[in-house]
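What follows is the content of data_32.cif, which has mmCIF, C-alpha atoms:
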data_work
loop_
_atom_site.label_atom_id
_atom_site.label_comp_id
_atom_site.auth_asym_id
_atom_site.auth_seq_id
_atom_site.Cartn_x
_atom_site.Cartn_y
_atom_site.Cartn_z
CA MET R 26 -159.81 -23.21 69.72
CA LEU R 27 -161.63 -26.35 68.61
CA LYS R 28 -164.91 -26.86 70.44
CA LEU R 29 -167.42 -29.68 70.65
CA SER R 30 -170.60 -28.14 69.23
CA GLU R 31 -173.01 -31.09 68.97
CA ILE R 32 -173.45 -34.52 70.56
CA TRP R 33 -175.72 -37.10 68.93
CA VAL R 34 -176.88 -40.58 69.84
CA TYR R 35 -178.97 -42.96 67.73
CA PRO R 36 -180.39 -45.42 70.26
CA VAL R 37 -182.01 -47.68 67.64
CA LYS R 38 -179.71 -48.22 64.69
CA SER R 39 -180.97 -46.41 61.56
CA LEU R 40 -183.85 -44.67 63.33
CA GLY R 41 -183.78 -40.96 64.17
CA GLY R 42 -181.15 -39.43 66.42
CA ILE R 43 -181.23 -37.46 69.67
CA SER R 44 -179.23 -34.27 70.19
CA LEU R 45 -177.72 -34.03 73.69
CA GLN R 46 -175.89 -31.42 75.72
CA GLN R 47 -173.90 -34.02 77.62
CA SER R 48 -173.23 -37.75 77.34
CA GLN R 49 -171.39 -40.57 79.05
CA VAL R 50 -168.56 -42.15 77.06
CA THR R 51 -168.61 -45.94 77.53
CA ASP R 52 -166.39 -48.75 76.31
CA ARG R 53 -168.61 -49.32 73.23
CA GLY R 54 -169.72 -45.80 72.32
CA LEU R 55 -171.85 -43.09 73.85
CA GLU R 56 -174.37 -44.27 76.44
CA LEU R 57 -177.54 -45.61 74.74
CA ASP R 58 -176.03 -45.22 71.26
CA ARG R 59 -177.11 -48.03 68.93
CA ARG R 60 -177.87 -50.49 71.71
CA TRP R 61 -181.14 -51.41 69.95
CA LEU R 62 -181.63 -52.81 66.49
CA LEU R 63 -184.45 -53.83 64.17
CA VAL R 64 -183.93 -57.23 62.53
CA ASP R 65 -185.87 -59.35 60.08
CA ASP R 66 -187.08 -62.89 60.68
CA ASP R 67 -183.58 -64.21 59.98
CA GLY R 68 -182.01 -61.90 62.55
CA ARG R 69 -180.41 -59.72 59.87
CA PHE R 70 -180.03 -56.01 60.64
CA LEU R 71 -182.24 -53.46 58.88
CA THR R 72 -181.14 -49.96 57.87
CA GLN R 73 -182.26 -46.95 55.85
CA ARG R 74 -180.14 -48.23 52.97
CA GLU R 75 -183.00 -50.59 52.13
CA TYR R 76 -185.80 -49.04 54.18
CA PRO R 77 -185.52 -45.24 54.17
CA GLN R 78 -188.85 -45.00 56.00
CA LEU R 79 -187.01 -46.00 59.19
CA ALA R 80 -185.95 -42.34 59.44
CA LEU R 81 -189.54 -41.43 60.36
CA PHE R 82 -189.26 -43.15 63.75
CA ARG R 83 -188.10 -40.54 66.28
CA PRO R 84 -186.75 -41.48 69.72
CA GLU R 85 -186.81 -39.40 72.90
CA ILE R 86 -185.37 -40.16 76.32
CA LYS R 87 -188.19 -40.28 78.87
CA ASP R 88 -187.07 -41.26 82.38
CA SER R 89 -185.86 -44.87 82.09
CA ASN R 90 -187.43 -45.45 78.69
CA LEU R 91 -187.06 -44.55 75.07
CA LYS R 92 -190.26 -43.08 73.69
CA ILE R 93 -190.36 -43.79 69.96
CA THR R 94 -192.86 -41.86 67.85
CA HIS R 95 -193.65 -42.22 64.16
CA LYS R 96 -193.31 -38.73 62.67
CA GLU R 97 -196.27 -39.01 60.28
CA ILE R 98 -198.64 -41.40 62.05
CA PHE R 99 -198.06 -39.85 65.52
CA ASP R 100 -198.28 -43.24 67.19
CA SER R 101 -195.69 -43.95 69.87
CA ILE R 102 -194.43 -46.69 72.15
CA ASN R 103 -192.14 -46.84 75.19
CA VAL R 104 -189.06 -49.05 75.07
CA PRO R 105 -187.42 -49.86 78.42
CA PHE R 106 -183.69 -49.25 78.72
CA HIS R 107 -183.23 -52.92 79.57
CA PRO R 108 -185.24 -55.95 78.39
CA VAL R 109 -187.73 -57.40 80.81
CA SER R 110 -186.82 -60.68 82.50
CA GLY R 111 -187.57 -63.69 80.36
CA SER R 112 -186.80 -61.94 77.08
CA GLU R 113 -185.77 -64.29 74.31
CA LYS R 114 -182.05 -64.39 73.52
CA ILE R 115 -181.32 -64.59 69.80
CA LYS R 116 -178.42 -64.36 67.36
CA VAL R 117 -178.44 -61.31 65.11
CA THR R 118 -176.11 -60.23 62.32
CA VAL R 119 -174.65 -56.82 61.49
CA TRP R 120 -172.56 -57.12 58.33
CA ASP R 121 -170.24 -60.08 59.00
CA ASP R 122 -170.66 -60.08 62.78
CA THR R 123 -172.95 -62.42 64.71
CA ILE R 124 -174.05 -60.90 68.02
CA ASP R 125 -176.04 -62.11 71.02
CA ALA R 126 -179.10 -59.95 71.68
CA TYR R 127 -182.47 -60.05 73.41
CA GLU R 128 -185.82 -59.36 71.85
CA VAL R 129 -187.15 -56.42 73.87
CA SER R 130 -190.74 -57.67 73.82
CA ALA R 131 -193.19 -59.29 71.42
CA VAL R 132 -195.56 -56.34 71.89
CA ILE R 133 -192.94 -53.80 70.81
CA SER R 134 -191.87 -55.94 67.85
CA GLU R 135 -195.50 -56.16 66.76
CA TRP R 136 -195.85 -52.36 66.96
CA PHE R 137 -192.95 -51.90 64.54
CA THR R 138 -194.23 -54.73 62.34
CA LYS R 139 -197.64 -53.09 62.06
CA LEU R 140 -196.27 -49.66 61.10
CA LEU R 141 -193.64 -50.98 58.69
CA GLU R 142 -196.01 -53.57 57.21
CA PHE R 143 -193.43 -56.35 57.27
CA SER R 144 -192.19 -58.63 60.03
CA VAL R 145 -189.45 -57.22 62.28
CA ARG R 146 -188.18 -57.63 65.82
CA LEU R 147 -186.62 -55.02 68.09
CA VAL R 148 -183.58 -56.39 69.91
CA TYR R 149 -181.21 -55.04 72.57
CA MET R 150 -177.47 -55.57 73.02
CA PRO R 151 -176.80 -56.51 76.68
CA ASP R 152 -173.57 -55.57 78.45
CA GLU R 153 -172.30 -59.15 78.31
CA SER R 154 -172.49 -59.14 74.50
CA GLU R 155 -169.11 -57.86 73.30
CA ARG R 156 -168.68 -57.11 69.60
CA LYS R 157 -165.04 -56.45 68.78
CA ILE R 158 -163.98 -53.91 66.18
CA ASP R 159 -161.92 -54.84 63.12
CA SER R 160 -158.58 -56.11 64.43
CA LYS R 161 -156.74 -54.14 61.73
CA TYR R 162 -157.73 -50.92 63.46
CA ALA R 163 -157.74 -52.04 67.09
CA ILE R 164 -155.16 -50.78 69.58
CA SER R 165 -155.28 -53.40 72.31
CA GLY R 166 -157.36 -55.90 70.37
CA GLU R 167 -160.08 -55.71 73.00
CA GLU R 168 -161.98 -52.65 71.73
CA ILE R 169 -165.71 -53.22 71.28
CA THR R 170 -168.59 -51.41 69.69
CA SER R 171 -172.38 -51.44 69.67
CA PHE R 172 -174.70 -52.15 66.73
CA ALA R 173 -172.95 -49.31 64.86
CA ASP R 174 -171.67 -50.22 61.41
CA ALA R 175 -168.11 -50.72 62.60
CA TYR R 176 -166.75 -48.28 65.21
CA PRO R 177 -167.89 -46.74 68.50
CA PHE R 178 -167.78 -43.05 67.49
CA LEU R 179 -167.89 -40.79 64.44
CA ILE R 180 -166.69 -37.17 64.41
CA ILE R 181 -167.26 -34.53 61.72
CA GLY R 182 -166.14 -30.89 61.59
CA GLN R 183 -168.74 -28.22 60.97
CA SER R 184 -166.27 -26.76 58.45
CA SER R 185 -166.38 -30.03 56.50
CA LEU R 186 -170.16 -29.79 56.24
CA ASP R 187 -169.95 -26.10 55.31
CA ASP R 188 -167.48 -26.94 52.56
CA LEU R 189 -169.86 -29.56 51.16
CA ASN R 190 -172.91 -27.31 51.42
CA GLY R 191 -171.04 -24.63 49.48
CA ARG R 192 -170.97 -27.06 46.53
CA LEU R 193 -174.59 -28.27 46.76
CA GLU R 194 -177.67 -26.72 45.18
CA VAL R 195 -179.70 -27.78 48.22
CA LYS R 196 -177.88 -27.70 51.56
CA VAL R 197 -178.05 -30.75 53.81
CA PRO R 198 -178.04 -30.92 57.63
CA ILE R 199 -175.44 -32.78 59.64
CA ASN R 200 -177.88 -35.58 60.50
CA ARG R 201 -177.53 -36.91 56.93
CA PHE R 202 -174.16 -38.23 58.14
CA ARG R 203 -175.16 -39.41 61.63
CA PRO R 204 -172.10 -38.26 63.61
CA ASN R 205 -171.72 -38.61 67.37
CA PHE R 206 -169.54 -35.51 67.64
CA VAL R 207 -169.50 -32.25 65.67
CA PHE R 208 -166.89 -29.56 66.29
CA THR R 209 -166.35 -25.95 65.26
CA ASN R 210 -163.40 -23.68 64.45
CA GLY R 211 -161.45 -26.26 62.46
CA GLU R 212 -160.39 -26.46 58.83
CA PRO R 213 -162.49 -28.54 56.40
CA PHE R 214 -161.68 -32.23 56.68
CA GLU R 215 -158.89 -31.79 59.22
CA GLU R 216 -160.46 -34.60 61.26
CA ASP R 217 -159.20 -36.98 58.56
CA PHE R 218 -155.72 -36.65 60.04
CA TRP R 219 -156.42 -36.76 63.78
CA SER R 220 -154.53 -39.69 65.28
CA HIS R 221 -154.94 -38.85 68.98
CA PHE R 222 -157.18 -36.17 70.45
CA SER R 223 -159.15 -35.34 73.57
CA ILE R 224 -162.61 -33.94 74.16
CA GLY R 225 -162.58 -32.38 77.61
CA ASN R 226 -160.90 -34.99 79.79
CA VAL R 227 -161.61 -38.00 77.57
CA SER R 228 -159.07 -39.28 75.04
CA PHE R 229 -159.84 -40.74 71.61
CA VAL R 230 -158.02 -42.20 68.62
CA GLY R 231 -158.99 -41.60 65.01
CA VAL R 232 -158.74 -44.92 63.21
CA LYS R 233 -159.94 -44.37 59.63
CA PRO R 234 -162.05 -41.93 57.60
CA CYS R 235 -165.66 -43.05 57.15
CA ASP R 236 -166.68 -44.22 53.68
CA ARG R 237 -170.18 -43.14 52.82
CA CYS R 238 -173.07 -44.91 51.11
CA VAL R 239 -176.53 -44.28 49.67
CA MET R 240 -177.89 -43.72 53.16
CA THR R 241 -176.65 -40.12 52.92
CA THR R 242 -179.21 -39.58 50.14
CA VAL R 243 -182.16 -40.32 52.46
CA ASP R 244 -184.06 -37.19 53.50
CA PRO R 245 -184.54 -37.80 57.26
CA GLU R 246 -187.55 -35.48 57.36
CA LYS R 247 -189.45 -37.39 54.67
CA GLY R 248 -188.05 -40.91 54.97
CA VAL R 249 -187.39 -41.15 51.24
CA VAL R 250 -184.36 -41.05 48.96
CA SER R 251 -184.17 -37.43 47.79
CA GLY R 252 -181.85 -37.83 44.80
CA LYS R 253 -178.17 -38.60 44.26
CA ASP R 254 -176.78 -35.83 46.44
CA PRO R 255 -174.90 -35.28 48.65
CA LEU R 256 -173.12 -38.51 47.67
CA LYS R 257 -172.75 -37.50 44.01
CA THR R 258 -171.12 -34.18 44.86
CA LEU R 259 -168.90 -35.70 47.54
CA ALA R 260 -167.68 -38.28 45.03
CA LYS R 261 -166.29 -35.49 42.84
CA TYR R 262 -163.74 -34.36 45.40
CA ARG R 263 -163.73 -36.82 48.31
CA ASN R 264 -163.16 -40.04 46.37
CA PHE R 265 -160.15 -41.98 47.63
CA GLY R 266 -159.55 -45.51 46.35
CA ASN R 267 -163.14 -45.68 45.07
CA LYS R 268 -164.47 -44.80 48.52
CA VAL R 269 -166.27 -41.54 49.26
CA LEU R 270 -164.95 -40.30 52.59
CA PHE R 271 -166.65 -37.93 55.03
CA GLY R 272 -165.97 -37.90 58.77
CA GLN R 273 -163.56 -39.87 60.93
CA ASN R 274 -164.23 -43.16 62.71
CA VAL R 275 -163.02 -43.08 66.29
CA ILE R 276 -162.39 -45.36 69.27
CA GLY R 277 -162.13 -44.22 72.87
CA LEU R 278 -159.22 -44.65 75.25
CA GLY R 279 -161.28 -44.44 78.42
CA ILE R 280 -164.62 -43.52 79.92
CA GLY R 281 -165.93 -40.18 81.12
CA VAL R 282 -168.39 -37.42 80.34
CA VAL R 283 -168.32 -35.08 77.35
CA SER R 284 -170.34 -31.87 77.08
CA VAL R 285 -171.19 -29.40 74.36
CA GLY R 286 -168.65 -26.59 74.64
CA ASP R 287 -165.78 -28.86 75.69
CA GLU R 288 -162.41 -27.96 74.22
CA ILE R 289 -160.93 -30.42 71.74
CA GLN R 290 -157.16 -30.79 71.74
CA VAL R 291 -155.43 -32.57 68.87
CA LEU R 292 -152.45 -34.39 70.39
CA SER R 293 -151.06 -35.99 67.23
CA ARG R 294 -151.82 -36.07 63.52
CA SER R 295 -151.16 -38.52 60.71
CA LYS R 296 -149.68 -37.34 57.43
#

Output the file's structure as structure tokens, nothing else.
Amino acid sequence: MLKLSEIWVYPVKSLGGISLQQSQVTDRGLELDRRWLLVDDDGRFLTQREYPQLALFRPEIKDSNLKITHKEIFDSINVPFHPVSGSEKIKVTVWDDTIDAYEVSAVISEWFTKLLEFSVRLVYMPDESERKIDSKYAISGEEITSFADAYPFLIIGQSSLDDLNGRLEVKVPINRFRPNFVFTNGEPFEEDFWSHFSIGNVSFVGVKPCDRCVMTTVDPEKGVVSGKDPLKTLAKYRNFGNKVLFGQNVIGLGIGVVSVGDEIQVLSRSK
């Protein structure tokens, strides 16, 4: 029996993740997942691809706030779940999408600016800001996502990671790949072919395998690029059409609650 073994959210895009036992599935991803974003002075999104040191910022859920702590400096700041009234509304870009967002506060932006040593702003995606997914992979055409790269959810089988680690000199943890869902008892890479599946009582659709980039080479414990693996090794046997694939991008068919230990049922597969 396939079982959900891990649930992860990444409240601020490209910062550290939070492991959960239970989470609410919303119309744009798991609750709190990638609703915040660091941008430069032009409103362009920032990620570990260019700034691996972002991995050193670690979020925790504390009451109605995110507490974000720098792993090495041990300084922290509280980020409210919703911007305070009077926050500045700005346009930000993630890849080719332009999105309405609010700067959380000048004080919080300055805290990040000071620690990163270059000018950034922390912004929040409000509920009224709807970022549609790529129409080629939409079902109704109305599906939305957060500040994630492209889709609301990402699922990876533990067997897929085990298969990769069996080929690596130095094993890597699952957080190199930043999934929302991890499951056990499956075959390596079987998630590639899941068209329709459920986790507990919530239904999902697999839309396309996830192509991976240099961000997988960032050591999240050190905030530095640690070499060419695991991307180099993955490219030897997971290269399809010049894209290195690992994990499946997913959209949801409804809302509900998922919990670690939930049974996963695969309702249909692609060839």

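CA of Ser171 in chain R to CA of Asp254 in chain R spans 28.3 Å [interatomic distance, one decimal].
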
Written as a list in words, what is the full residue list that the PyMOL selection byres ((chain R and resi 293) around 12) yields on the file shown?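 After applying the PyMOL selection byres ((chain R and resi 293) around 12), what remains is Glu215, Glu216, Asp217, Phe218, Trp219, Ser220, His221, Phe222, Ser223, Ser228, Phe229, Val230, Gly231, Gln290, Val291, Leu292, Arg294, Ser295 and Lys296 of chain R.
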
Taking (-193.3, -54.9, 64.1) in the file's own coordinates, collect the residues within 12 Å, counting only C-alpha atoms, and hand them back as an MDAnalysis selection string. chainID R and resid 63:66 79 102 128:148

Selection result for the PyMOL selection byres ((chain R and resi 92) around 9) on this file, as a count of residues only: 14

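Rounded to one decimal, CA of Arg53 in chain R and CA of Ile224 in chain R lie 16.5 Å from each other.
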
From the set R:Leu270, R:Ala173, R:Met240, R:Ile124, which residue has the shortest atom-to-atom contact distance to Tyr35 in chain R, counting all atoms listed in the file? R:Ala173

Just to confirm, what's the straight-line distance from CA of Phe178 in chain R to CA of Glu113 in chain R in Å (one decimal)? 28.7 Å

Applied to this file, what does the PyMOL selection byres ((chain R and resi 29) around 8) return in terms of residues, put as a ChimeraX atom specification? /R:27-28,30-32,206-209,224,284-289

Can you find the residues with an atom no farther than 10 Å from (-173.6, -28.6, 46.0), counting all atoms listed in the file, and report them as a PyMOL selection string? chain R and resi 188-197+254-255+257-259

For Asp244 in chain R, the nearest of the candidates R:Ser89, R:Asn200, R:Thr170, R:Gln46, counting all atoms listed in the file: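 Comparing R:Ser89, R:Asn200, R:Thr170, R:Gln46 against Asp244 in chain R, the winner is R:Asn200.
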
Using only C-alpha atoms, pick whichever of R:Ile180, R:Ile280, R:Ala80, R:Val232 has the shortest atom-to-atom distance to Ile158 in chain R. R:Val232

Can you pull out the residues contacting Arg156 in chain R? Cut-off 12 Å, using all atoms listed in the file, and skip same-chain residues under 5 positions away; I want them as an NGL selection string. :R and (52-54 or 60 or 117-126 or 150-151 or 166-177)

Compile the contact shell of Pro213 in chain R as number ranges by chain: residues with an atom at most 9 Å away, counting only C-alpha atoms, same-chain residues fewer than 5 positions apart removed. R: 182-188

Taking C-alpha atoms for each residue, export the selection above as an mmCIF file, keeping the file's coordinate frame.
data_model
loop_
_atom_site.group_PDB
_atom_site.id
_atom_site.type_symbol
_atom_site.label_atom_id
_atom_site.label_comp_id
_atom_site.auth_asym_id
_atom_site.auth_seq_id
_atom_site.Cartn_x
_atom_site.Cartn_y
_atom_site.Cartn_z
ATOM 1 C CA GLY R 182 -166.140 -30.890 61.590
ATOM 2 C CA GLN R 183 -168.740 -28.220 60.970
ATOM 3 C CA SER R 184 -166.270 -26.760 58.450
ATOM 4 C CA SER R 185 -166.380 -30.030 56.500
ATOM 5 C CA LEU R 186 -170.160 -29.790 56.240
ATOM 6 C CA ASP R 187 -169.950 -26.100 55.310
ATOM 7 C CA ASP R 188 -167.480 -26.940 52.560
#

For a quick check of understanding, using all atoms listed in the file, which of R:Gly225, R:Pro204, R:Pro245, R:Gly211 has the smallest distance to Phe271 in chain R?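 Of the candidates, the smallest distance to Phe271 in chain R is held by R:Pro204.
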